[in-house]
Structures are given as C-alpha cells and as structure tokens.
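Enquirer: I am sharing run18.txt, which consists of compact mmCIF, C-alpha atoms:
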# COMPACT_ATOMS: atom_id res chain seq x y z
CA MET A 863 0.00 0.00 0.00
CA SER A 864 1.11 3.57 -0.63
CA LEU A 865 1.23 5.76 2.45
CA PRO A 866 1.61 9.53 2.76
CA ILE A 867 4.87 10.87 4.13
CA ASN A 868 3.06 12.14 7.24
CA SER A 869 1.37 8.90 8.37
CA THR A 870 1.64 9.09 12.15
CA ASN A 871 0.26 5.65 13.15
CA LEU A 872 1.60 2.57 11.41
CA LEU A 873 2.80 -0.99 11.89
CA ILE A 874 5.78 -2.05 9.76
CA THR A 875 6.11 -5.83 9.52
CA ASN A 876 8.57 -8.37 8.10
CA ILE A 877 11.66 -6.17 8.43
CA GLY A 878 14.71 -8.08 7.24
CA GLN A 879 17.17 -6.13 9.40
CA LEU A 880 16.12 -3.46 11.89
CA LEU A 881 19.35 -1.48 12.35
CA GLN A 882 20.67 0.61 15.23
CA VAL A 883 18.54 -0.85 18.01
CA ARG A 884 19.89 0.92 21.08
CA PRO A 885 18.82 3.54 23.66
CA GLY A 886 21.32 5.87 22.00
CA LYS A 887 21.12 8.88 24.28
CA LYS A 888 24.81 9.65 23.95
CA SER A 889 27.51 9.63 21.30
CA LEU A 890 29.64 6.57 20.66
CA ARG A 891 33.42 6.51 20.81
CA GLY A 892 36.30 4.05 20.55
CA LYS A 893 35.31 0.39 20.32
CA GLU A 894 31.61 1.29 20.67
CA MET A 895 31.70 2.71 17.15
CA GLY A 896 32.31 -0.78 15.77
CA GLU A 897 29.09 -2.15 17.26
CA LEU A 898 25.81 -1.98 15.30
CA PRO A 899 23.01 -3.77 17.17
CA LEU A 900 20.17 -5.09 15.00
CA LEU A 901 17.13 -7.34 14.96
CA LYS A 902 16.39 -9.76 12.12
CA ASN A 903 12.85 -10.51 10.90
CA ALA A 904 11.35 -7.76 13.03
CA TYR A 905 8.37 -5.44 13.34
CA LEU A 906 8.14 -1.80 14.40
CA SER A 907 5.06 0.22 15.32
CA ILE A 908 4.65 3.99 15.12
CA LYS A 909 2.15 5.96 17.19
CA ASP A 910 1.65 9.71 16.88
CA GLY A 911 4.88 9.97 14.90
CA LEU A 912 6.97 8.23 17.56
CA ILE A 913 8.43 4.73 17.78
CA ASP A 914 5.93 2.89 19.98
CA ASP A 915 7.22 -0.67 19.97
CA PHE A 916 9.45 -3.11 18.08
CA GLY A 917 10.70 -6.67 18.33
CA PRO A 918 10.91 -10.03 16.52
CA MET A 919 8.01 -10.92 14.22
CA LYS A 920 7.09 -13.89 16.41
CA ASN A 921 6.06 -11.33 19.06
CA CYS A 922 4.23 -8.98 16.64
CA PRO A 923 0.92 -7.86 18.19
CA GLU A 924 -2.42 -7.73 16.44
CA TYR A 925 -2.95 -4.33 14.85
CA LYS A 926 -6.10 -2.72 13.46
CA GLY A 927 -4.55 0.33 11.79
CA ASP A 928 -2.37 0.83 8.71
CA ILE A 929 0.14 -1.97 8.10
CA TYR A 930 3.16 -1.79 5.80
CA ASP A 931 4.88 -5.03 4.77
CA ALA A 932 8.64 -4.40 4.52
CA GLN A 933 9.13 -7.68 2.62
CA GLN A 934 12.40 -8.45 4.42
CA LYS A 935 14.03 -5.14 3.48
CA ILE A 936 16.27 -3.15 5.84
CA LEU A 937 14.70 -0.48 8.07
CA MET A 938 16.97 1.95 9.89
CA PRO A 939 17.12 5.46 11.38
CA ALA A 940 17.26 8.17 8.72
CA TRP A 941 20.62 9.82 8.14
CA THR A 942 21.45 12.97 10.09
CA ASP A 943 23.46 15.51 8.08
CA SER A 944 25.00 17.76 10.72
CA HIS A 945 26.94 20.15 8.46
CA THR A 946 25.47 21.78 5.33
CA HIS A 947 25.22 25.10 3.51
CA LEU A 948 21.99 24.16 1.71
CA VAL A 949 20.66 27.73 1.35
CA PHE A 950 22.50 29.46 -1.51
CA ALA A 951 21.55 31.70 -4.41
CA ALA A 952 23.26 29.93 -7.32
CA SER A 953 25.72 27.21 -8.21
CA ARG A 954 29.43 27.85 -8.77
CA ALA A 955 29.78 25.54 -11.75
CA ASP A 956 32.24 27.95 -13.43
CA GLU A 957 34.61 27.39 -10.51
CA PHE A 958 34.20 23.65 -11.02
CA VAL A 959 35.66 24.15 -14.50
CA ASP A 960 38.47 26.27 -12.98
CA LYS A 961 39.33 23.35 -10.69
CA ILE A 962 39.42 20.99 -13.67
CA ASN A 963 41.85 23.42 -15.30
CA GLY A 964 44.19 23.24 -12.32
CA LEU A 965 43.28 26.03 -9.91
CA THR A 966 43.09 25.17 -6.22
CA TYR A 967 40.26 26.12 -3.86
CA GLU A 968 42.51 28.74 -2.24
CA GLN A 969 43.60 30.22 -5.59
CA ILE A 970 39.97 30.59 -6.68
CA ALA A 971 39.11 32.28 -3.38
CA LYS A 972 42.00 34.77 -3.68
CA ARG A 973 40.75 36.04 -7.04
CA GLY A 974 37.22 36.74 -5.76
CA GLY A 975 35.69 33.31 -6.14
CA GLY A 976 34.60 30.93 -3.45
CA ILE A 977 32.56 32.24 -0.54
CA LEU A 978 32.70 35.86 -1.74
CA ASN A 979 31.27 34.77 -5.10
CA SER A 980 28.28 33.18 -3.35
CA ALA A 981 27.88 36.28 -1.18
CA LYS A 982 27.61 38.54 -4.25
CA LYS A 983 24.83 36.36 -5.65
CA MET A 984 23.01 36.33 -2.32
CA VAL A 985 22.56 40.11 -2.22
CA ASP A 986 20.18 40.35 -5.17
CA ILE A 987 18.04 37.24 -4.89
CA PRO A 988 14.53 37.89 -3.45
CA GLU A 989 13.81 36.04 -0.22
CA ASP A 990 10.83 34.12 -1.64
CA GLU A 991 12.91 32.92 -4.59
CA LEU A 992 15.69 31.85 -2.24
CA TYR A 993 13.16 29.91 -0.17
CA GLN A 994 11.72 28.14 -3.22
CA LYS A 995 15.20 27.12 -4.45
CA SER A 996 16.11 25.85 -0.99
CA ALA A 997 12.84 23.96 -0.57
CA LYS A 998 13.39 22.15 -3.89
CA LEU A 999 16.84 21.08 -2.74
CA LEU A 1000 15.59 19.96 0.67
CA LYS A 1001 12.95 17.73 -0.96
CA GLU A 1002 15.74 16.04 -2.93
CA VAL A 1003 17.86 15.69 0.21
CA MET A 1004 15.01 13.88 1.97
CA GLN A 1005 14.63 11.42 -0.92
CA TYR A 1006 18.21 10.33 -0.28
CA GLY A 1007 17.30 9.40 3.29
CA THR A 1008 18.27 12.46 5.35
CA GLY A 1009 15.78 12.96 8.18
CA ALA A 1010 17.60 15.65 10.17
CA ILE A 1011 19.84 18.43 8.91
CA GLU A 1012 21.85 21.45 9.98
CA ILE A 1013 21.83 24.45 7.62
CA LYS A 1014 24.25 27.36 7.92
CA SER A 1015 24.07 30.97 6.86
CA GLY A 1016 27.38 32.53 5.78
CA TYR A 1017 26.78 33.50 2.16
CA GLY A 1018 25.30 36.84 3.20
CA LEU A 1019 28.24 38.54 4.97
CA SER A 1020 26.05 41.57 5.71
CA LEU A 1021 23.31 42.13 8.27
CA ASP A 1022 20.44 42.09 5.77
CA ALA A 1023 21.68 39.12 3.73
CA GLU A 1024 22.57 36.97 6.75
CA LEU A 1025 19.12 37.62 8.24
CA LYS A 1026 17.53 36.75 4.89
CA MET A 1027 19.28 33.38 4.86
CA LEU A 1028 18.33 32.63 8.44
CA ARG A 1029 14.68 33.58 7.82
CA VAL A 1030 14.64 31.13 4.90
CA ILE A 1031 16.02 28.38 7.16
CA LYS A 1032 13.31 29.20 9.72
CA ARG A 1033 10.63 28.80 7.02
CA LEU A 1034 12.10 25.44 6.07
CA LYS A 1035 11.88 24.39 9.73
CA GLN A 1036 8.21 25.33 9.79
CA ASN A 1037 7.26 23.65 6.52
CA PHE A 1038 9.16 20.34 6.45
CA PRO A 1039 8.61 17.17 8.53
CA ILE A 1040 12.28 16.62 9.39
CA SER A 1041 14.46 18.03 12.18
CA ILE A 1042 16.30 21.19 11.08
CA LYS A 1043 18.89 23.19 13.04
CA ALA A 1044 20.09 26.65 11.99
CA THR A 1045 23.67 27.89 12.38
CA PHE A 1046 24.80 31.50 12.06
CA LEU A 1047 28.05 31.65 10.07
CA GLY A 1048 28.56 35.38 9.56
CA ALA A 1049 32.28 34.76 10.11
CA HIS A 1050 32.58 32.65 6.98
CA ALA A 1051 34.82 35.10 5.13
CA VAL A 1052 35.68 38.80 5.27
CA PRO A 1053 33.62 40.74 2.72
CA GLU A 1054 35.40 42.90 0.16
CA LYS A 1055 34.17 46.05 1.88
CA TYR A 1056 36.12 45.15 5.04
CA LYS A 1057 39.20 43.48 3.54
CA ASN A 1058 41.47 46.15 5.05
CA ASN A 1059 39.58 46.36 8.34
CA LYS A 1060 38.60 42.90 9.52
CA LYS A 1061 38.06 44.17 13.08
CA GLU A 1062 35.24 46.42 11.86
CA TYR A 1063 33.49 43.43 10.29
CA ILE A 1064 33.89 41.37 13.47
CA ASP A 1065 32.42 44.32 15.40
CA LEU A 1066 29.46 44.25 13.00
CA ILE A 1067 28.94 40.53 13.68
CA ILE A 1068 29.07 41.02 17.44
CA ASN A 1069 27.25 44.32 17.85
CA GLU A 1070 24.59 44.14 15.14
CA MET A 1071 24.17 40.66 13.69
CA LEU A 1072 24.10 38.67 16.92
CA PRO A 1073 21.47 40.87 18.66
CA ALA A 1074 19.23 40.88 15.57
CA ILE A 1075 19.46 37.10 15.23
CA ALA A 1076 18.68 36.59 18.91
CA LYS A 1077 15.74 39.02 18.77
CA ASP A 1078 13.94 36.87 16.19
CA ASN A 1079 15.28 33.51 17.43
CA LEU A 1080 16.82 32.71 14.05
CA ALA A 1081 19.72 30.42 15.01
CA ASP A 1082 20.56 27.47 17.24
CA TYR A 1083 24.35 27.55 16.80
CA ILE A 1084 27.22 29.82 15.80
CA ASP A 1085 30.10 28.91 13.51
CA VAL A 1086 33.38 30.55 12.47
CA PHE A 1087 35.74 29.56 9.65
CA CYS A 1088 38.93 29.41 11.70
CA GLU A 1089 41.61 29.18 9.02
CA LYS A 1090 44.53 31.09 7.51
CA ASN A 1091 43.29 34.03 5.40
CA TYR A 1092 39.88 33.85 7.12
CA PHE A 1093 39.63 34.13 10.93
CA THR A 1094 42.41 33.57 13.46
CA ALA A 1095 42.05 31.56 16.65
CA ALA A 1096 41.95 34.79 18.69
CA GLU A 1097 39.25 36.27 16.45
CA THR A 1098 37.29 33.02 16.65
CA ASP A 1099 37.53 33.11 20.42
CA ARG A 1100 36.22 36.67 20.55
CA ILE A 1101 33.20 35.85 18.36
CA LEU A 1102 32.36 32.66 20.25
CA LYS A 1103 32.58 34.39 23.62
CA ALA A 1104 30.32 37.20 22.40
CA SER A 1105 27.71 34.66 21.24
CA GLN A 1106 27.39 33.09 24.69
CA LYS A 1107 25.02 35.73 26.05
CA PHE A 1108 22.71 35.04 23.11
CA GLY A 1109 22.58 31.31 23.85
CA LEU A 1110 24.31 30.20 20.63
CA LYS A 1111 26.52 27.14 21.05
CA PRO A 1112 29.60 26.74 18.81
CA LYS A 1113 29.94 24.35 15.86
CA VAL A 1114 33.24 25.40 14.33
CA HIS A 1115 35.03 25.01 10.98
CA VAL A 1116 38.60 24.07 11.95
CA ASN A 1117 41.75 22.51 10.48
CA GLN A 1118 40.60 22.26 6.87
CA PHE A 1119 43.96 23.36 5.49
CA ASN A 1120 46.01 24.30 8.57
CA SER A 1121 46.07 23.73 12.32
CA ILE A 1122 46.12 27.24 13.82
CA GLY A 1123 44.69 26.71 17.31
CA GLY A 1124 41.04 26.50 16.37
CA ILE A 1125 40.40 23.18 18.11
CA ASP A 1126 41.76 24.51 21.39
CA VAL A 1127 39.54 27.60 21.15
CA ALA A 1128 36.49 25.53 20.20
CA VAL A 1129 36.92 23.11 23.09
CA LYS A 1130 37.48 25.92 25.61
CA ASN A 1131 34.22 27.46 24.39
CA LYS A 1132 32.44 24.10 24.81
CA ALA A 1133 31.81 23.52 21.12
CA VAL A 1134 29.20 20.92 20.26
CA SER A 1135 31.33 19.91 17.28
CA VAL A 1136 34.50 20.74 15.39
CA ASP A 1137 34.11 20.15 11.66
CA HIS A 1138 36.53 19.33 8.81
CA LEU A 1139 39.77 18.27 10.56
CA GLU A 1140 41.53 17.26 7.36
CA VAL A 1141 44.74 18.44 9.05
CA ILE A 1142 45.15 17.35 12.67
CA THR A 1143 48.16 17.31 15.01
CA GLU A 1144 48.97 15.17 18.01
CA GLU A 1145 48.28 18.21 20.18
CA ASP A 1146 44.84 18.57 18.57
CA LEU A 1147 44.08 14.93 19.36
CA LYS A 1148 45.08 15.43 23.01
CA THR A 1149 42.86 18.51 23.22
CA LEU A 1150 39.80 16.67 21.87
CA ALA A 1151 40.31 13.42 23.79
CA GLY A 1152 38.14 13.21 26.89
CA THR A 1153 35.75 15.95 25.80
CA ASP A 1154 32.16 15.64 24.58
CA THR A 1155 32.92 17.64 21.43
CA ILE A 1156 32.02 15.68 18.28
CA ALA A 1157 34.64 15.50 15.51
CA THR A 1158 32.69 15.86 12.26
CA THR A 1159 34.43 14.68 9.12
CA LEU A 1160 33.35 15.72 5.60
CA PRO A 1161 34.83 13.24 3.12
CA ALA A 1162 32.80 14.45 0.12
CA CYS A 1163 34.57 17.80 0.41
CA SER A 1164 37.96 16.07 0.28
CA PHE A 1165 36.74 14.07 -2.72
CA PHE A 1166 35.53 17.10 -4.68
CA ILE A 1167 38.38 19.56 -4.11
CA ASP A 1168 41.06 16.87 -3.92
CA ILE A 1169 42.51 17.54 -0.48
CA PRO A 1170 43.53 15.01 2.20
CA TYR A 1171 40.83 13.08 4.04
CA THR A 1172 40.40 13.50 7.79
CA PRO A 1173 42.46 10.78 9.56
CA VAL A 1174 39.36 9.36 11.23
CA LYS A 1175 41.02 6.21 12.53
CA LYS A 1176 43.30 8.36 14.69
CA LEU A 1177 40.25 10.09 16.14
CA ILE A 1178 38.59 6.78 16.97
CA GLU A 1179 41.81 5.37 18.45
CA ASN A 1180 41.87 8.38 20.80
CA ASN A 1181 38.25 7.74 21.91
CA ILE A 1182 36.99 10.88 20.19
CA PRO A 1183 33.36 10.60 18.97
CA VAL A 1184 33.18 10.93 15.17
CA ALA A 1185 30.29 12.05 12.97
CA LEU A 1186 29.89 12.12 9.19
CA ALA A 1187 28.22 14.91 7.21
CA THR A 1188 28.04 16.07 3.59
CA ASP A 1189 29.19 19.73 3.80
CA PHE A 1190 26.69 20.27 0.96
CA ASN A 1191 27.45 23.68 -0.59
CA PRO A 1192 27.80 25.23 -4.05
CA GLY A 1193 31.59 25.53 -4.00
CA SER A 1194 33.50 22.72 -2.34
CA THR A 1195 30.83 20.00 -2.01
CA PRO A 1196 27.83 20.14 -4.37
CA SER A 1197 26.46 16.79 -3.14
CA PHE A 1198 23.80 16.03 -0.52
CA ASN A 1199 24.05 12.23 -0.79
CA MET A 1200 24.71 10.89 2.71
CA ASN A 1201 24.83 7.37 1.27
CA PHE A 1202 27.86 8.40 -0.79
CA VAL A 1203 29.44 10.00 2.29
CA VAL A 1204 29.12 6.69 4.15
CA SER A 1205 30.74 4.91 1.20
CA LEU A 1206 33.61 7.43 1.05
CA ALA A 1207 34.22 7.00 4.79
CA CYS A 1208 34.68 3.29 4.23
CA ILE A 1209 36.61 3.47 0.95
CA LYS A 1210 38.90 6.44 1.63
CA GLN A 1211 39.01 6.70 5.44
CA LYS A 1212 38.91 2.95 6.10
CA LEU A 1213 35.99 2.98 8.50
CA THR A 1214 34.08 -0.26 8.82
CA PRO A 1215 30.43 -0.20 7.72
CA GLU A 1216 29.44 -0.31 11.39
CA GLN A 1217 31.62 2.69 12.25
CA ALA A 1218 30.41 4.69 9.24
CA ILE A 1219 26.71 4.01 9.89
CA ASN A 1220 27.11 4.94 13.54
CA ALA A 1221 28.89 8.15 12.53
CA ALA A 1222 26.04 9.08 10.16
CA THR A 1223 23.18 8.27 12.54
CA ILE A 1224 23.62 8.30 16.33
CA ASN A 1225 26.83 10.39 16.43
CA ALA A 1226 25.58 12.80 13.79
CA ALA A 1227 22.44 13.23 15.90
CA ALA A 1228 24.72 14.03 18.86
CA ALA A 1229 26.40 16.71 16.74
CA LEU A 1230 22.97 18.40 16.62
CA GLU A 1231 22.12 17.57 20.27
CA LEU A 1232 19.26 15.36 19.09
CA THR A 1233 20.15 11.92 20.48
CA ASN A 1234 17.10 12.01 22.79
CA GLU A 1235 14.91 12.32 19.69
CA ILE A 1236 16.52 10.56 16.71
CA GLY A 1237 19.51 8.52 15.55
CA SER A 1238 18.58 5.07 16.86
CA ILE A 1239 15.67 2.67 17.23
CA HIS A 1240 14.29 3.25 20.71
CA LYS A 1241 10.80 3.62 22.14
CA GLY A 1242 9.72 7.24 22.31
CA LYS A 1243 12.11 8.51 19.66
CA LYS A 1244 10.79 10.22 16.52
CA ALA A 1245 9.97 7.87 13.68
CA GLN A 1246 12.56 9.31 11.31
CA LEU A 1247 13.14 6.10 9.39
CA ILE A 1248 14.24 4.88 5.97
CA LEU A 1249 13.43 1.62 4.23
CA LEU A 1250 16.11 0.43 1.82
CA LYS A 1251 15.62 -1.08 -1.64
CA SER A 1252 15.55 -4.84 -2.06
CA TYR A 1253 19.02 -5.05 -3.65
CA ILE A 1254 20.49 -4.01 -0.27
CA GLU A 1255 20.26 -7.39 1.46
CA ASP A 1256 22.68 -6.64 4.31
CA TYR A 1257 23.77 -3.35 5.91
CA LYS A 1258 27.35 -3.88 4.71
CA GLU A 1259 26.03 -3.31 1.19
CA ILE A 1260 25.02 0.28 1.98
CA PRO A 1261 28.60 1.58 1.51
CA TYR A 1262 29.45 -1.22 -0.95
CA PHE A 1263 26.99 0.04 -3.61
CA PHE A 1264 28.64 3.46 -3.70
CA ALA A 1265 27.19 6.63 -5.28
CA THR A 1266 23.70 5.14 -5.46
CA ASN A 1267 20.47 6.00 -3.66
CA PRO A 1268 19.42 2.82 -1.83
CA VAL A 1269 16.41 4.48 -0.16
CA GLU A 1270 13.06 3.08 -1.26
CA LYS A 1271 10.77 4.80 1.23
CA THR A 1272 11.00 7.40 3.97
CA PHE A 1273 8.96 7.60 7.15
CA PHE A 1274 9.35 11.08 8.64
CA ASN A 1275 7.26 11.80 11.76
For the file at hand, write its structure as structure tokens.

Expert:
Amino acid sequence: MSLPINSTNLLITNIGQLLQVRPGKKSLRGKEMGELPLLKNAYLSIKDGLIDDFGPMKNCPEYKGDIYDAQQKILMPAWTDSHTHLVFAASRADEFVDKINGLTYEQIAKRGGGILNSAKKMVDIPEDELYQKSAKLLKEVMQYGTGAIEIKSGYGLSLDAELKMLRVIKRLKQNFPISIKATFLGAHAVPEKYKNNKKEYIDLIINEMLPAIAKDNLADYIDVFCEKNYFTAAETDRILKASQKFGLKPKVHVNQFNSIGGIDVAVKNKAVSVDHLEVITEEDLKTLAGTDTIATTLPACSFFIDIPYTPVKKLIENNIPVALATDFNPGSTPSFNMNFVVSLACIKQKLTPEQAINAATINAAAALELTNEIGSIHKGKKAQLILLKSYIEDYKEIPYFFATNPVEKTFFN
C-alpha cells in the first residue's frame, strides 16, 4: 500500500534487518563505534509519529490500523546531516571548470571566487525565490534518506543578507517534517568592503548581527571559519565568547587546510562539534580526547576539491566521537548524498560499515544535540526512518553500492 509521508500511526512488519537498536542517548566513541546492534525478521510500530514498539516478528501484536509489509528489506534510522550550507543563491559551476583546469580552492578564493562569489549572488536574490530554491533542494535531500539536517548561513556577509538566509532556514523548519537546526556563520569570510579592516566586520557581527538574530530567534548555533586568510584563533575566540550571552553554542570550521589553534579555542568554548579536521596534530588529538565535542568529518569535500581526508582512525583510536556529514554547498561539495558520504568514509578513510553508519546516525544526531529524539531505534524517539531497496540485502552493502540511492521509502514523523 502507498502511504503519505506524514502517516503518524503505522505498523511495519517483516523487516529483514532493523538497524541501530539501542537507547542511544549519547555519542559513541572508541570500540563502541564498531558495534551496530540489530534485529532480524522484526516489526516496528509507530504511534503519533513516535516509535511505539518493536521486536521479533514472532512477538508482533495484532494491529487494526495501517500496516506496511517491509518484505524483508532493511529499516533503519534516517541519516542525520550535521553540516550543510543548503541555502545558496546559485551554483558555482564555473569554478568547477576552474578546478578541472588546475586552480586550487585557495587560488579561486584569492581572485574573488569561493565564498565571496556566493555572497555577491546572495545580495540580489529575493527572499521568496531563495526559499523556493532551498525547498526544492531539501525535498531532494530527503529522498536520499536524510531525516535531520543542519543548515548554515554565511553566504550573506552583511546584516540584511545573513538575516535573509536565516529567515529562509526558519521557514524550512516550519514547513518540512524533518528536524532542522540553523547555524549563524557570519564569520565565513571577510567581505570585500572590510578586507582592510577585519576588526570592523567582526564588530558588526558582534554588535549588530548577533542581537538581531537573537531578537527573532533565528539560530541554534554559531560557527566561524577558523583558518589562515579567514579568521584567526583569537578572532574566533572573541566571536564565540560574544555569542554566549545570546545562547548560541559553537559548531566550528577548523583545520581544513592548517592547524592554527582552532580546536583549542572551540573546546574551551564548549563547542558541540568541530568540523573538517583534514589536518590534525597530536596536540589537537590530546585537546579533543576526553571531551564531549564531536569531531565531524566531511569526506565528500575532500573528494571534490582533492585535499587530504580527515584521519578518522586516529580520532577513533583516541576515543573521540566521530560524525559524518556532507558539507553540501555550491563551492566545495555540491552533493547532498549521505549514502555516498558513508561509502567514502569506508573506501577512503577505512571505516568499517558499522563505524560509518554509527557516525552518520547516532553520532551525527549528537552533533545536533538530538540523540534524545533521533539517531537510533528506541521507544519514544521520533519515527525518522528509511526503508532500503531490495538489492540491499545486508547493511554492509550500503557503503558497498557506492554513489547510489538505496532508499526506497521514507517515514518522517
């Protein structure tokens, strides 16, 4: 039977593998990341959009409502994508051609491309048009199995344009059945207007942008691109400290190209996550070890702009919780396929399927502070679930069939 996306009461029967069956109210680290509890030949019931019950088919109760026969396919928690830049005005396909012709990401940025290019396009686009473009993309994202997502601003780089982006994200929150978190990334780059006076732009972020965002409750988190030629560790620290009185927790871009002290600053400011980490030192590992900060790795970015992959095995060996995300954006990662990200983590970063799936579900939910609601199969959690196509007969085949969309059906709330 065909069911609407918003069916709130349902019994799913004959599930071949029910993945990620755990309480899951915390992130996983170390050896835990290699464990993926599951039930074979199972059922799961949904009541009022929440997981009501589950177990082996031999214990399946009688049910008078809607029933969906899974026909021995895999049912699992939807992916959580904890790092994206989904709201943007236009693609940067011309820069894609520049990369093919040999220019690096940094070279393109220095000649006015990159983030500043997206910021120029953001100024002129009407808010309703921006919302419609973003809504189309989000519908596609959901079809690939993402049931929770973080979306950043950062292509505005002015008060009006940053607020426009955040208002669009707020509308997406209101109109879509998945969990959405908003992150303010005004410190994504220094706009051309302030290239000789970065302090004045940081003052604008702190004194005008942050109060306006807080007034209309437009963001859950704050982010800074802590990197050479963008924002120093000291500047990052100043912005993060200023955001505390507005209740914005840090999720910070660090160590994409260089290690310049960003991890230390992020941890001292109690960052929920540090994201990228393609370059990481022994000192960085010591700083992260023993904290609750999630290390979010973005392998599709490394794939697209041809930079090193985050050394994830080192993070796991140091008992640091690891999450996976797409980094979907128009410049360095124009892909929202979490299934491909899981494959890349296995192929290029040598994670096991168990580690990669955990990083893209329960740990990614922790990177958005949502483990009480999503990320695992547990009574009372939101029914953010995906049913996989019949050619996926075992969970190990999720990363094995790379660059595909194995999702047959989504159940979102």

Enquirer: Could you tell me how far CA of Phe1093 (chain A) sits from CA of Asn1058 (chain A), in Å to one decimal place?

Expert: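 Between CA of Asn1058 (chain A) and CA of Phe1093 (chain A) the gap is 13.5 Å.
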
Enquirer: Write out as a list of chain:residue names which residues come within 7 Å of Val1086 (chain A) when counting only C-alpha atoms, dropping same-chain ones fewer than 5 positions away.

Expert: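 Non-adjacent residues within range: A:Leu1047, A:Ala1049, A:His1050, A:Thr1098, A:Val1114, A:His1115.
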
Enquirer: Near Gly892 (chain A), within 12 Å and counting only C-alpha atoms, which residues show up once chain neighbours fewer than 3 positions away are dropped, as an mmCIF file with C-alpha atoms, keeping the file's coordinate frame?

Expert:
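Dumped to part25.cif:
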data_model
loop_
_atom_site.group_PDB
_atom_site.id
_atom_site.type_symbol
_atom_site.label_atom_id
_atom_site.label_comp_id
_atom_site.auth_asym_id
_atom_site.auth_seq_id
_atom_site.Cartn_x
_atom_site.Cartn_y
_atom_site.Cartn_z
ATOM 1 C CA SER A 889 27.510 9.630 21.300
ATOM 2 C CA MET A 895 31.700 2.710 17.150
ATOM 3 C CA GLY A 896 32.310 -0.780 15.770
ATOM 4 C CA GLU A 897 29.090 -2.150 17.260
ATOM 5 C CA ALA A 1151 40.310 13.420 23.790
ATOM 6 C CA GLY A 1152 38.140 13.210 26.890
ATOM 7 C CA VAL A 1174 39.360 9.360 11.230
ATOM 8 C CA LYS A 1175 41.020 6.210 12.530
ATOM 9 C CA LYS A 1176 43.300 8.360 14.690
ATOM 10 C CA LEU A 1177 40.250 10.090 16.140
ATOM 11 C CA ILE A 1178 38.590 6.780 16.970
ATOM 12 C CA GLU A 1179 41.810 5.370 18.450
ATOM 13 C CA ASN A 1180 41.870 8.380 20.800
ATOM 14 C CA ASN A 1181 38.250 7.740 21.910
ATOM 15 C CA ILE A 1182 36.990 10.880 20.190
ATOM 16 C CA PRO A 1183 33.360 10.600 18.970
ATOM 17 C CA VAL A 1184 33.180 10.930 15.170
ATOM 18 C CA GLN A 1217 31.620 2.690 12.250
ATOM 19 C CA ASN A 1220 27.110 4.940 13.540
ATOM 20 C CA ALA A 1221 28.890 8.150 12.530
#

Enquirer: Point out the residue among A:Asn1091, A:Asn1199, A:Gln1246, A:Ser1252 with the least atom-to-atom distance to Pro1039 (chain A), counting only C-alpha atoms.

Expert: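 Comparing A:Asn1091, A:Asn1199, A:Gln1246, A:Ser1252 against Pro1039 (chain A), the winner is A:Gln1246.
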
Enquirer: Which is closest to Phe1273 (chain A) among A:Met1004, A:Leu948, A:Leu900, A:Ile1084, if we use only C-alpha atoms?

Expert: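 Using only C-alpha atoms, Phe1273 (chain A) sits closest to A:Met1004.
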